[in-house]
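**Q** My file is protein-v3.txt. It has compact mmCIF, C-alpha atoms and all ligand atoms:
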```
# COMPACT_ATOMS: atom_id res chain seq x y z
CA MET A 1 -2.25 -2.48 -18.95
CA SER A 2 1.40 -2.89 -19.91
CA GLY A 3 3.76 -2.62 -16.99
CA PHE A 4 1.34 -4.49 -14.69
CA LEU A 5 1.32 -8.21 -14.10
CA PRO A 6 -1.99 -9.83 -14.81
CA GLU A 7 -3.74 -10.28 -11.48
CA SER A 8 -3.41 -14.08 -11.47
CA ASN A 9 0.36 -13.84 -12.04
CA HIS A 10 0.67 -11.24 -9.31
CA ILE A 11 -1.03 -13.53 -6.80
CA ARG A 12 1.16 -16.46 -7.87
CA TRP A 13 4.26 -14.28 -7.35
CA LEU A 14 3.09 -13.30 -3.84
CA ASP A 15 2.36 -16.94 -3.03
CA SER A 16 5.81 -18.11 -4.10
CA LEU A 17 7.41 -15.28 -2.12
CA LYS A 18 5.41 -16.30 0.95
CA GLN A 19 6.38 -19.94 0.46
CA SER A 20 10.08 -19.15 0.13
CA MET A 21 9.93 -17.02 3.28
CA GLU A 22 8.22 -19.84 5.14
CA SER A 23 10.73 -22.44 3.98
CA GLU A 24 13.57 -20.11 4.97
CA ALA A 25 12.04 -19.79 8.44
CA THR A 26 11.79 -23.58 8.65
CA THR A 27 15.43 -23.93 7.61
CA MET A 28 16.43 -21.38 10.26
CA ASN A 29 14.49 -23.26 12.94
CA PHE A 30 16.04 -26.56 11.83
CA LYS A 31 19.53 -25.07 11.99
CA THR A 32 18.78 -23.64 15.45
CA LEU A 33 17.52 -27.03 16.63
CA ILE A 34 20.59 -28.84 15.28
CA GLY A 35 22.80 -26.23 16.95
CA LEU A 36 21.01 -26.67 20.26
CA ALA A 37 21.17 -30.46 19.98
CA ILE A 38 24.93 -30.35 19.37
CA PHE A 39 25.33 -27.90 22.27
CA PHE A 40 23.47 -30.17 24.70
CA VAL A 41 25.14 -33.42 23.57
CA THR A 42 28.60 -31.81 23.81
CA ASN A 43 27.79 -30.39 27.22
CA CYS A 44 26.50 -33.74 28.50
CA VAL A 45 29.57 -35.61 27.25
CA LEU A 46 31.98 -33.05 28.68
CA ALA A 47 30.05 -32.30 31.88
CA GLN A 48 32.14 -32.92 34.95
CA SER A 49 30.52 -34.00 38.19
CA VAL A 50 30.82 -36.29 41.19
CA ASP A 51 28.04 -38.19 42.90
CA PHE A 52 27.36 -40.72 45.64
CA MET A 53 26.27 -44.07 44.22
CA ALA A 54 25.64 -44.96 47.90
CA PRO A 55 24.29 -44.05 50.35
CA LYS A 56 21.24 -42.14 49.14
CA ASP A 57 20.67 -38.55 50.27
CA GLY A 58 18.59 -38.68 53.48
CA ALA A 59 19.41 -42.34 54.18
CA VAL A 60 19.18 -43.73 57.72
CA LEU A 61 22.05 -46.17 58.19
CA SER A 62 23.74 -48.53 60.63
CA SER A 63 27.48 -48.06 61.09
CA PRO A 64 29.67 -49.14 59.37
CA PHE A 65 28.16 -48.43 55.96
CA LYS A 66 29.49 -48.48 52.43
CA VAL A 67 30.10 -45.21 50.57
CA ILE A 68 30.52 -45.53 46.81
CA PHE A 69 31.89 -42.63 44.75
CA ALA A 70 31.32 -41.80 41.08
CA VAL A 71 32.87 -39.20 38.82
CA SER A 72 31.91 -38.07 35.28
CA GLY A 73 34.14 -36.26 32.81
CA MET A 74 37.29 -37.01 34.83
CA GLU A 75 39.46 -40.08 35.29
CA VAL A 76 40.34 -41.51 38.69
CA SER A 77 44.11 -41.64 39.14
CA PRO A 78 46.35 -42.18 42.20
CA ALA A 79 47.70 -39.11 43.99
CA GLY A 80 51.21 -37.96 43.12
CA GLU A 81 50.79 -37.66 39.38
CA LEU A 82 49.59 -34.37 37.93
CA LYS A 83 47.78 -35.32 34.76
CA PRO A 84 45.05 -33.15 33.21
CA ASN A 85 41.47 -34.36 33.75
CA THR A 86 42.46 -36.87 36.42
CA GLY A 87 42.28 -36.87 40.21
CA HIS A 88 41.12 -38.76 43.27
CA HIS A 89 38.15 -38.71 45.60
CA HIS A 90 37.91 -37.11 49.04
CA LEU A 91 35.21 -37.67 51.60
CA LEU A 92 34.53 -34.67 53.82
CA ILE A 93 32.55 -35.18 57.02
CA ASN A 94 30.46 -32.31 58.41
CA THR A 95 32.47 -29.74 56.52
CA ASP A 96 32.01 -27.78 53.30
CA GLY A 97 33.58 -28.43 49.91
CA ILE A 98 37.01 -26.95 49.25
CA ALA A 99 37.53 -23.93 46.98
CA SER A 100 39.11 -24.63 43.60
CA GLY A 101 42.92 -24.79 43.76
CA THR A 102 43.08 -25.14 47.56
CA VAL A 103 44.93 -28.18 48.94
CA ILE A 104 42.53 -30.44 50.83
CA PRO A 105 43.58 -30.76 54.51
CA PHE A 106 44.69 -34.13 55.87
CA ASP A 107 42.60 -34.70 59.01
CA ASP A 108 39.68 -36.73 60.35
CA ALA A 109 37.14 -34.51 58.57
CA HIS A 110 38.92 -34.85 55.19
CA GLN A 111 39.63 -38.40 54.04
CA HIS A 112 41.83 -38.82 50.95
CA PHE A 113 41.48 -41.78 48.61
CA GLY A 114 44.88 -41.26 47.02
CA LYS A 115 45.24 -44.84 45.78
CA GLY A 116 42.35 -44.20 43.42
CA GLN A 117 39.75 -45.99 45.54
CA THR A 118 36.12 -45.52 44.52
CA GLU A 119 34.49 -46.81 47.72
CA THR A 120 35.04 -47.11 51.46
CA ASP A 121 33.44 -48.51 54.60
CA LEU A 122 32.65 -45.61 56.91
CA SER A 123 32.20 -45.95 60.69
CA LEU A 124 30.51 -43.07 62.47
CA PRO A 125 28.87 -42.67 65.90
CA PRO A 126 25.07 -42.22 65.87
CA GLY A 127 23.95 -38.80 64.66
CA LYS A 128 23.18 -36.67 61.63
CA TYR A 129 25.99 -36.04 59.15
CA LYS A 130 26.71 -34.01 56.06
CA LEU A 131 28.90 -36.05 53.71
CA THR A 132 30.67 -34.21 50.91
CA LEU A 133 32.51 -35.72 47.96
CA GLN A 134 35.30 -33.53 46.67
CA PHE A 135 37.41 -34.42 43.65
CA ALA A 136 40.97 -33.04 43.54
CA ASN A 137 44.09 -33.37 41.39
CA GLY A 138 47.22 -35.43 42.04
CA ALA A 139 48.58 -32.69 44.33
CA HIS A 140 45.31 -32.75 46.39
CA GLN A 141 44.29 -29.36 44.99
CA SER A 142 40.50 -29.15 44.86
CA TYR A 143 38.64 -28.98 41.56
CA GLY A 144 36.08 -26.80 43.37
CA SER A 145 32.31 -26.82 43.65
CA GLN A 146 31.67 -28.27 40.17
CA LEU A 147 33.31 -31.51 41.30
CA SER A 148 31.74 -31.57 44.74
CA LYS A 149 28.50 -33.08 46.00
CA SER A 150 26.92 -33.15 49.48
CA ILE A 151 24.31 -35.41 51.02
CA GLN A 152 22.78 -35.73 54.51
CA VAL A 153 22.64 -39.08 56.30
CA THR A 154 21.56 -40.25 59.73
CA VAL A 155 23.51 -42.96 61.57
CA LYS A 156 21.32 -44.95 63.96
CU CU B 1 43.97 -36.04 48.24
```
Can you dump the structure from the file as structure tokens?

**A**
Amino acid sequence: MSGFLPESNHIRWLDSLKQSMESEATTMNFKTLIGLAIFFVTNCVLAQSVDFMAPKDGAVLSSPFKVIFAVSGMEVSPAGELKPNTGHHHLLINTDGIASGTVIPFDDAHQHFGKGQTETDLSLPPGKYKLTLQFANGAHQSYGSQLSKSIQVTVK
């Protein structure tokens, strides 16, 4: 019988091998989970977006009404200065967001908040409107669709 492990030892060896494989799998899963957690936390912290604090999408309003802007992952700064990760809000009325890098027009459909304002009182005749927030840099160059958000409102 020399050269062979006694049967009980052989089983114990298989068991310990199985256990070490299982614990390795657990370690791998744990590492994957930690990696995913770090990925999501980092992404949330660094995520850049704009949103309307008011009005709500689909709101029915009386004119004038207050529009409140919010931005995440960027700092609000007056126009004129070109600093990374800063910019100012724009409110676009019944028009689409502006492609990244394009200067936002100065007209009735594109209001600039170049002093760094984060809210405004908007007066509009009765009707349905698409309101779009567009964040842009100190030279009014759009940050594109990632920093744009549209809602629909009805003015009574
Ligand atoms: Cu501007």

**Q** Kindly give the distance, in Å, that separates atom CA of A:Asn94 and atom CA of A:Val67, rounded to a single decimal.

**A**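 Separation between atom CA of A:Asn94 and atom CA of A:Val67: 15.1 Å.
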
**Q** Throw together the list of residues within 12 Å of ligand CU 1 (chain B), counting only C-alpha atoms and all ligand atoms, and drop it here as number ranges by chain.

**A** A: 76-82, 86-92, 98, 102-107, 110-117, 133-143

**Q** Smallest atom-to-atom distance to A:Phe52: which of A:Asp121, A:Ser148, A:Lys128, A:Asn85, using only C-alpha atoms?

**A** A:Ser148

**Q** Assuming 3 Å of padding per side, give the centre and edge lengths of the axis-aligned box around every listed atom of stretch 138-155 of chain A, in Å to one decimal and as JSON.

**A**
```
{"center_x": 35.1, "center_y": -34.9, "center_z": 50.9, "size_x": 33.0, "size_y": 22.2, "size_z": 27.4}
```

**Q** Compare A:Ala99, A:Ala47, A:Leu122, A:Leu131 by their minimum atom-to-atom distance to A:Ser63, counting all atoms listed in the file, and give me the closest one.

**A**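 The answer is A:Leu122, which sits nearest to A:Ser63.
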
**Q** Starting from the sparse input, extend stretch 116-142 of chain A to N, CA and C atoms and give the output as a PDB file, in the coordinates of the input.

**A**
```
ATOM      1  N   GLY A 116      43.318 -44.109  44.507  1.00  0.00           N
ATOM      2  CA  GLY A 116      42.350 -44.200  43.420  1.00  0.00           C
ATOM      3  C   GLY A 116      41.132 -45.024  43.777  1.00  0.00           C
ATOM      4  N   GLN A 117      40.917 -45.211  45.111  1.00  0.00           N
ATOM      5  CA  GLN A 117      39.750 -45.990  45.540  1.00  0.00           C
ATOM      6  C   GLN A 117      38.445 -45.292  45.134  1.00  0.00           C
ATOM      7  N   THR A 118      37.425 -46.097  44.882  1.00  0.00           N
ATOM      8  CA  THR A 118      36.120 -45.520  44.520  1.00  0.00           C
ATOM      9  C   THR A 118      35.037 -45.916  45.519  1.00  0.00           C
ATOM     10  N   GLU A 119      35.448 -46.524  46.654  1.00  0.00           N
ATOM     11  CA  GLU A 119      34.490 -46.810  47.720  1.00  0.00           C
ATOM     12  C   GLU A 119      35.217 -46.995  49.041  1.00  0.00           C
ATOM     13  N   THR A 120      34.455 -46.912  50.134  1.00  0.00           N
ATOM     14  CA  THR A 120      35.040 -47.110  51.460  1.00  0.00           C
ATOM     15  C   THR A 120      33.950 -47.568  52.421  1.00  0.00           C
ATOM     16  N   ASP A 121      34.370 -48.192  53.517  1.00  0.00           N
ATOM     17  CA  ASP A 121      33.440 -48.510  54.600  1.00  0.00           C
ATOM     18  C   ASP A 121      33.632 -47.447  55.671  1.00  0.00           C
ATOM     19  N   LEU A 122      32.555 -46.741  55.989  1.00  0.00           N
ATOM     20  CA  LEU A 122      32.650 -45.610  56.910  1.00  0.00           C
ATOM     21  C   LEU A 122      31.992 -45.974  58.246  1.00  0.00           C
ATOM     22  N   SER A 123      32.735 -45.734  59.334  1.00  0.00           N
ATOM     23  CA  SER A 123      32.200 -45.950  60.690  1.00  0.00           C
ATOM     24  C   SER A 123      32.010 -44.594  61.355  1.00  0.00           C
ATOM     25  N   LEU A 124      30.804 -44.348  61.797  1.00  0.00           N
ATOM     26  CA  LEU A 124      30.510 -43.070  62.470  1.00  0.00           C
ATOM     27  C   LEU A 124      29.604 -43.320  63.666  1.00  0.00           C
ATOM     28  N   PRO A 125      29.795 -42.573  64.764  1.00  0.00           N
ATOM     29  CA  PRO A 125      28.870 -42.670  65.900  1.00  0.00           C
ATOM     30  C   PRO A 125      27.473 -42.204  65.485  1.00  0.00           C
ATOM     31  N   PRO A 126      26.433 -42.642  66.225  1.00  0.00           N
ATOM     32  CA  PRO A 126      25.070 -42.220  65.870  1.00  0.00           C
ATOM     33  C   PRO A 126      24.966 -40.703  65.772  1.00  0.00           C
ATOM     34  N   GLY A 127      24.162 -40.246  64.818  1.00  0.00           N
ATOM     35  CA  GLY A 127      23.950 -38.800  64.660  1.00  0.00           C
ATOM     36  C   GLY A 127      23.646 -38.453  63.216  1.00  0.00           C
ATOM     37  N   LYS A 128      23.440 -37.163  62.986  1.00  0.00           N
ATOM     38  CA  LYS A 128      23.180 -36.670  61.630  1.00  0.00           C
ATOM     39  C   LYS A 128      24.489 -36.127  61.054  1.00  0.00           C
ATOM     40  N   TYR A 129      24.733 -36.444  59.784  1.00  0.00           N
ATOM     41  CA  TYR A 129      25.990 -36.040  59.150  1.00  0.00           C
ATOM     42  C   TYR A 129      25.745 -35.439  57.771  1.00  0.00           C
ATOM     43  N   LYS A 130      26.634 -34.501  57.443  1.00  0.00           N
ATOM     44  CA  LYS A 130      26.710 -34.010  56.060  1.00  0.00           C
ATOM     45  C   LYS A 130      27.963 -34.644  55.465  1.00  0.00           C
ATOM     46  N   LEU A 131      27.762 -35.433  54.407  1.00  0.00           N
ATOM     47  CA  LEU A 131      28.900 -36.050  53.710  1.00  0.00           C
ATOM     48  C   LEU A 131      29.115 -35.314  52.394  1.00  0.00           C
ATOM     49  N   THR A 132      30.351 -34.941  52.132  1.00  0.00           N
ATOM     50  CA  THR A 132      30.670 -34.210  50.910  1.00  0.00           C
ATOM     51  C   THR A 132      31.755 -34.948  50.133  1.00  0.00           C
ATOM     52  N   LEU A 133      31.485 -35.176  48.854  1.00  0.00           N
ATOM     53  CA  LEU A 133      32.510 -35.720  47.960  1.00  0.00           C
ATOM     54  C   LEU A 133      33.224 -34.543  47.322  1.00  0.00           C
ATOM     55  N   GLN A 134      34.531 -34.603  47.315  1.00  0.00           N
ATOM     56  CA  GLN A 134      35.300 -33.530  46.670  1.00  0.00           C
ATOM     57  C   GLN A 134      36.405 -34.161  45.826  1.00  0.00           C
ATOM     58  N   PHE A 135      36.374 -33.900  44.542  1.00  0.00           N
ATOM     59  CA  PHE A 135      37.410 -34.420  43.650  1.00  0.00           C
ATOM     60  C   PHE A 135      38.558 -33.416  43.595  1.00  0.00           C
ATOM     61  N   ALA A 136      39.794 -33.925  43.562  1.00  0.00           N
ATOM     62  CA  ALA A 136      40.970 -33.040  43.540  1.00  0.00           C
ATOM     63  C   ALA A 136      42.071 -33.679  42.705  1.00  0.00           C
ATOM     64  N   ASN A 137      43.024 -32.874  42.275  1.00  0.00           N
ATOM     65  CA  ASN A 137      44.090 -33.370  41.390  1.00  0.00           C
ATOM     66  C   ASN A 137      45.161 -34.146  42.170  1.00  0.00           C
ATOM     67  N   GLY A 138      46.186 -34.590  41.453  1.00  0.00           N
ATOM     68  CA  GLY A 138      47.220 -35.430  42.040  1.00  0.00           C
ATOM     69  C   GLY A 138      48.003 -34.771  43.161  1.00  0.00           C
ATOM     70  N   ALA A 139      47.921 -33.425  43.248  1.00  0.00           N
ATOM     71  CA  ALA A 139      48.580 -32.690  44.330  1.00  0.00           C
ATOM     72  C   ALA A 139      47.553 -32.312  45.407  1.00  0.00           C
ATOM     73  N   HIS A 140      46.390 -32.963  45.402  1.00  0.00           N
ATOM     74  CA  HIS A 140      45.310 -32.750  46.390  1.00  0.00           C
ATOM     75  C   HIS A 140      44.707 -31.361  46.309  1.00  0.00           C
ATOM     76  N   GLN A 141      44.889 -30.680  45.176  1.00  0.00           N
ATOM     77  CA  GLN A 141      44.290 -29.360  44.990  1.00  0.00           C
ATOM     78  C   GLN A 141      42.871 -29.546  44.451  1.00  0.00           C
ATOM     79  N   SER A 142      41.914 -28.971  45.171  1.00  0.00           N
ATOM     80  CA  SER A 142      40.500 -29.150  44.860  1.00  0.00           C
ATOM     81  C   SER A 142      40.148 -28.680  43.459  1.00  0.00           C
TER      82      SER A 142
END
```
